[in-house]
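*Asks:* What follows is a structure written as structure tokens; I'll ask about it next.
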Amino acid sequence: MSPRLSVVLLALSLAACGSSDPEGPGPTVDSGTSVPDAGTEDSGVPDAGTDAGTLDAGVPDAGPVDAGPPLDIPNTLSGFGLFTGSPADGGLVPVEGNVPYTLSTPLFSDYSVKSRTLYIPPGKTAHYQPLDALDLPVGTLITKTFAFPADLRKPDQDVRYIETRVLVRQPSGWEAWPYVWDAEQTEATMIPGGRVRDVTFIDLEGETRSFRYSVPARNQCQQCHHLVDAKGDQVMHPIGVKARYLHHTNTYGGVERDQLEYLASLGKLDGLPAQAELPKAPDAFDPQAANLDTRARTYLDINCAHCHNPKGTAGITSQLFLNFDNTNVFNLGECKRPGSAGSGVGGDFDIVPGKHDESILWYRLHTEQSGKMMPQIGRTLHHAEGSQLIADWIDAMPVKACK
């Protein structure tokens, strides 16, 4: 454990939030922890009607929180003491105790390359949850760094870092803090109001893509990370750190280890069942990993179900539940009319079995038109591979006439 990290977490002082407007090109990704993503970041999918009952997706309510003083939030990413080096010197290496992890099916963010880390304070332990995000203790820090290589076909060359988001587990609950990288790629500074960056890259087909990438404002994080608890209050929760997405191998110290078992071996995770009992989400884009239905449902689960579930605001209002364990096909959207999608969103029903081009769900994933695309924040470009997966899934359904 880095001595500096322990000191920082106890004694950080809240600095002023003013900063220069950072942007600019960067050199290399951080020590092999960045991997190309393939899901849909901070997503939702179409609205639907309210003519169905609710489904218990097992999303946890906000239970009692640990006592103790809140962590002070530094004005710069380096103030957390979570990494050594910077993109400018080929570094940004997680310190001991700040554990890199990946997701079996990650979220999509305009084809950015992302790296993730999980820090659990000394003497504290996360608790295993079979469906929900791991139960993480106060003082936990989750980071996600977004970057763009000049050429997606060479994801670890000529990489420009854009932002690092930090989720902080305070005694009162979770908080989200955005940090934007400067032009020199030496520091990321807290920018609570968000930023827009011009990004250009060569895609996997060799075509040049240019667009405006949005770093979300801090108050926008609630749109995707909030759930409604038993009291009807909105509470923030992490999204990706669920056992089913962590149950696969990563390299630690040159050795391939299952990520969940590695955390348990560090004394950072308890309650882990036997390997055979662990849930496992496949890579949604690997046809060898699972059948089409499982892969499509996995894609919707990681990209959409944090909003579209029985305890998410979008799910409650729309009754469209895209969590992987929903077995009600009507709540999944089959022949379901939207409640508030408006006109010109690709059809009259969320899913028309056998006809993706008449299905609102597919249209809103596929379009780049503001006000109609889903998610409403978190992407500007459409995910070609993701929308094709959902098109194939809908087209493979037995044809049904929706009325």
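By order of appearance in the structure tokens: chains A, B, ..., then residues from 1 within every chain, and ligands from 1 in the order shown.
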I'd like the contact shell of Gln275 of chain A - 10 Å cut-off, only C-alpha atoms, skipping same-chain residues fewer than 6 positions apart - returned as a PyMOL selection string.
*Replies:* chain A and resi 247+258+260-261
*Asks:* Go ahead and write the residues just picked, all heavy atoms, as a compact mmCIF listing (two decimals), in the first residue's frame.
*Replies:*
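So again.txt came out as:
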# COMPACT_ATOMS: atom_id res chain seq x y z
N HIS A 247 -16.15 -11.46 -13.17
CA HIS A 247 -15.75 -12.87 -13.11
C HIS A 247 -15.11 -13.31 -14.42
O HIS A 247 -15.70 -13.99 -15.26
CB HIS A 247 -16.96 -13.74 -12.78
CG HIS A 247 -16.68 -15.21 -12.71
ND1 HIS A 247 -15.46 -15.71 -12.30
CD2 HIS A 247 -17.45 -16.28 -13.02
CE1 HIS A 247 -15.50 -17.03 -12.34
NE2 HIS A 247 -16.70 -17.40 -12.78
N ASP A 258 -8.36 -14.81 -11.85
CA ASP A 258 -9.75 -14.37 -11.85
C ASP A 258 -9.84 -13.12 -10.98
O ASP A 258 -9.33 -13.08 -9.85
CB ASP A 258 -10.67 -15.46 -11.31
CG ASP A 258 -12.12 -15.03 -11.30
OD1 ASP A 258 -12.79 -15.19 -12.32
OD2 ASP A 258 -12.58 -14.50 -10.26
N LEU A 260 -12.28 -11.63 -9.30
CA LEU A 260 -12.97 -11.76 -8.02
C LEU A 260 -12.10 -12.52 -7.02
O LEU A 260 -11.98 -12.13 -5.84
CB LEU A 260 -14.31 -12.45 -8.20
CG LEU A 260 -15.39 -11.66 -8.94
CD1 LEU A 260 -16.59 -12.54 -9.24
CD2 LEU A 260 -15.81 -10.42 -8.15
N GLU A 261 -11.51 -13.60 -7.47
CA GLU A 261 -10.66 -14.38 -6.58
C GLU A 261 -9.41 -13.60 -6.18
O GLU A 261 -8.91 -13.75 -5.06
CB GLU A 261 -10.30 -15.71 -7.23
CG GLU A 261 -11.50 -16.65 -7.38
CD GLU A 261 -11.10 -18.04 -7.81
OE1 GLU A 261 -9.98 -18.19 -8.38
OE2 GLU A 261 -11.89 -18.97 -7.60
*Asks:* List the spatial neighbours of Arg297 of chain A as a short mmCIF file (atom, residue, chain, number, x, y, z; two decimals) with N, CA, C and O atoms, in the first residue's frame - criterion: any atom at most 12 Å away, only C-alpha atoms, same-chain residues fewer than 6 positions off excluded.
*Replies:*
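Result file around.cif:
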data_model
loop_
_atom_site.label_atom_id
_atom_site.label_comp_id
_atom_site.auth_asym_id
_atom_site.auth_seq_id
_atom_site.Cartn_x
_atom_site.Cartn_y
_atom_site.Cartn_z
N GLY A 39 -19.50 -1.38 -24.98
CA GLY A 39 -20.89 -1.25 -24.56
C GLY A 39 -21.41 0.14 -24.81
O GLY A 39 -20.93 0.83 -25.65
N THR A 105 -18.10 -7.41 -20.58
CA THR A 105 -18.71 -6.57 -21.60
C THR A 105 -18.72 -5.15 -21.06
O THR A 105 -19.47 -4.85 -20.12
N ALA A 281 -21.10 -13.02 -16.90
CA ALA A 281 -21.63 -12.38 -18.10
C ALA A 281 -20.62 -12.57 -19.22
O ALA A 281 -19.42 -12.36 -19.03
N PRO A 282 -21.07 -12.96 -20.41
CA PRO A 282 -20.13 -13.19 -21.51
C PRO A 282 -19.69 -11.89 -22.15
O PRO A 282 -20.25 -10.82 -21.88
N ASP A 283 -18.70 -11.98 -23.01
CA ASP A 283 -18.39 -10.89 -23.93
C ASP A 283 -19.52 -10.87 -24.96
O ASP A 283 -19.69 -11.83 -25.72
N ALA A 284 -20.28 -9.80 -24.96
CA ALA A 284 -21.47 -9.74 -25.81
C ALA A 284 -21.14 -9.82 -27.29
O ALA A 284 -22.03 -10.11 -28.11
N PHE A 285 -19.87 -9.60 -27.66
CA PHE A 285 -19.51 -9.59 -29.07
C PHE A 285 -18.69 -10.81 -29.48
O PHE A 285 -18.12 -10.83 -30.57
N ALA A 290 -21.50 -17.19 -25.97
CA ALA A 290 -22.89 -17.44 -25.57
C ALA A 290 -23.77 -17.31 -26.80
O ALA A 290 -23.32 -16.84 -27.86
N ASN A 291 -25.03 -17.71 -26.66
CA ASN A 291 -25.95 -17.59 -27.79
C ASN A 291 -26.37 -16.13 -27.98
O ASN A 291 -26.09 -15.25 -27.16
N ASN A 303 -25.54 -1.77 -20.45
CA ASN A 303 -25.64 -0.46 -21.04
C ASN A 303 -26.90 0.31 -20.70
O ASN A 303 -26.92 1.54 -20.80
N CYS A 304 -27.95 -0.39 -20.31
CA CYS A 304 -29.26 0.25 -20.18
C CYS A 304 -29.95 0.00 -18.85
O CYS A 304 -30.75 0.82 -18.40
N ALA A 305 -29.67 -1.14 -18.22
CA ALA A 305 -30.48 -1.57 -17.08
C ALA A 305 -30.21 -0.78 -15.81
O ALA A 305 -31.01 -0.87 -14.87
N PHE A 321 -38.05 -2.78 -18.57
CA PHE A 321 -37.02 -3.35 -17.71
C PHE A 321 -36.05 -4.15 -18.58
O PHE A 321 -36.40 -5.20 -19.12
N LEU A 322 -34.82 -3.67 -18.68
CA LEU A 322 -33.82 -4.30 -19.54
C LEU A 322 -32.76 -5.03 -18.74
O LEU A 322 -31.75 -5.45 -19.31
N ASN A 323 -32.97 -5.20 -17.43
CA ASN A 323 -32.06 -6.00 -16.62
C ASN A 323 -32.09 -7.45 -17.08
O ASN A 323 -33.13 -7.99 -17.46
N PHE A 324 -30.93 -8.12 -17.02
CA PHE A 324 -30.79 -9.45 -17.62
C PHE A 324 -31.71 -10.49 -16.99
O PHE A 324 -32.06 -11.48 -17.62
N ASP A 325 -32.13 -10.29 -15.72
CA ASP A 325 -32.95 -11.28 -15.04
C ASP A 325 -34.44 -11.01 -15.17
O ASP A 325 -35.26 -11.71 -14.58
N ASN A 326 -34.84 -10.02 -15.97
CA ASN A 326 -36.25 -9.81 -16.24
C ASN A 326 -36.75 -10.88 -17.20
O ASN A 326 -36.22 -11.05 -18.29
N THR A 327 -37.78 -11.60 -16.79
CA THR A 327 -38.32 -12.68 -17.63
C THR A 327 -39.65 -12.31 -18.27
O THR A 327 -40.24 -13.12 -18.99
N VAL A 329 -41.62 -10.67 -20.99
CA VAL A 329 -41.29 -10.17 -22.32
C VAL A 329 -41.97 -8.85 -22.61
O VAL A 329 -41.46 -8.04 -23.40
N LEU A 332 -39.89 -6.29 -21.22
CA LEU A 332 -38.69 -6.22 -22.04
C LEU A 332 -38.93 -5.37 -23.28
O LEU A 332 -37.97 -4.94 -23.93
N GLY A 386 -22.90 -2.52 -31.50
CA GLY A 386 -23.98 -2.73 -30.55
C GLY A 386 -25.35 -2.69 -31.19
O GLY A 386 -26.21 -3.54 -30.91
N LEU A 389 -25.90 -5.86 -33.10
CA LEU A 389 -26.22 -6.97 -32.22
C LEU A 389 -27.70 -6.97 -31.85
O LEU A 389 -28.38 -8.01 -31.90
N ILE A 390 -28.23 -5.80 -31.48
CA ILE A 390 -29.64 -5.72 -31.10
C ILE A 390 -30.54 -5.93 -32.32
O ILE A 390 -31.60 -6.56 -32.21
N TRP A 393 -30.67 -9.63 -32.86
CA TRP A 393 -31.48 -10.24 -31.80
C TRP A 393 -32.97 -10.08 -32.07
O TRP A 393 -33.75 -11.05 -31.99
N ILE A 394 -33.40 -8.87 -32.43
CA ILE A 394 -34.82 -8.63 -32.71
C ILE A 394 -35.26 -9.40 -33.95
O ILE A 394 -36.33 -10.02 -33.97
#
*Asks:* Name the residues in contact with Gly354 of chain A at a cut-off of 6 Å, using only C-alpha atoms, excluding same-chain residues fewer than 5 positions from it; report them as a ChimeraX atom specification.
*Replies:* /A:394-399
*Asks:* Extract the full set of strand (DSSP E) residues from segment 175-212 of chain A according to DSSP on the backbone, and format it as an MDAnalysis selection string.
*Replies:* chainID A and resid 175:181 188:190 195:202 208:212
*Asks:* Among the residues of segment 52-294 of chain A, find those DSSP assigns to helix (DSSP H, G or I) from the backbone and print them as a ChimeraX atom specification.
*Replies:* /A:77-80,87-89,218-220,222-225,243-246,259-265,275-277,292-294
*Asks:* Go through A:Gly347, A:Gly85, A:Gly267, A:Pro149 one by one, measure the shortest atom-to-atom distance of each to Arg209 of chain A using only C-alpha atoms, and give the residue with the smallest value.
*Replies:*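 Nearest to Arg209 of chain A: A:Pro149.
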*Asks:* Rounded to one decimal in Å, what is the spacing between atom CA of Pro238 of chain A and atom CA of Gly79 of chain A?
*Replies:* 22.0 Å
*Asks:* I'd like the neighbourhood of Pro178 of chain A as a list in words, where a residue qualifies if any of its atoms comes within 6 Å (using only C-alpha atoms), though same-chain residues fewer than 5 positions away should be ignored.
*Replies:* Arg165, Met190 and Ile191 of chain A
*Asks:* Name the residues in contact with Thr145 of chain A at a cut-off of 8 Å, using only C-alpha atoms, excluding same-chain residues fewer than 5 positions from it; report them as an MDAnalysis selection string.
*Replies:* chainID A and resid 114:116 161:165
*Asks:* Take the residues from that selection and put them in a file with C-alpha atoms, as an mmCIF file, in the first residue's frame.
*Replies:*
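Contents of selection.cif, as written:
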data_model
loop_
_atom_site.group_PDB
_atom_site.id
_atom_site.type_symbol
_atom_site.label_atom_id
_atom_site.label_comp_id
_atom_site.auth_asym_id
_atom_site.auth_seq_id
_atom_site.Cartn_x
_atom_site.Cartn_y
_atom_site.Cartn_z
ATOM 1 C CA LYS A 114 -10.997 3.104 -20.940
ATOM 2 C CA SER A 115 -9.107 1.856 -17.913
ATOM 3 C CA ARG A 116 -10.609 1.191 -14.486
ATOM 4 C CA TYR A 161 -6.313 11.271 -22.471
ATOM 5 C CA ILE A 162 -9.558 13.203 -22.003
ATOM 6 C CA GLU A 163 -10.946 12.627 -18.508
ATOM 7 C CA THR A 164 -10.876 10.498 -15.369
ATOM 8 C CA ARG A 165 -14.063 10.036 -13.337
#
*Asks:* From the set A:Glu187, A:Glu277, A:Asp72, A:Glu175, which residue has the shortest atom-to-atom contact distance to Leu92 of chain A, counting only C-alpha atoms?
*Replies:*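 Of A:Glu187, A:Glu277, A:Asp72, A:Glu175, the one nearest Leu92 of chain A, counting only C-alpha atoms, is A:Glu187.
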*Asks:* Expressed in Å to a single decimal, how great is the separation between atom CA of Lys400 of chain A and atom CA of Pro338 of chain A?
*Replies:*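 About the pair atom CA of Lys400 of chain A and atom CA of Pro338 of chain A: they are 17.5 Å apart.
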*Asks:* Quick one: residues within 9 Å of Tyr119 of chain A, only C-alpha atoms counted, chain neighbours fewer than 6 positions away excluded, as a list in words?
*Replies:*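 Result of the neighbour search: Leu82, Gly97, Asn98, Val99, Pro100, Gly139, Thr140, Leu141, Ile142 and Thr143 of chain A.
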*Asks:* Given only C-alpha atoms as the basis, pick out the residue of A:Leu204, A:Ala274, A:Ile239, A:Ala133 nearest to Glu385 of chain A.
*Replies:*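 Ranked by minimum distance to Glu385 of chain A, first place goes to A:Leu204.
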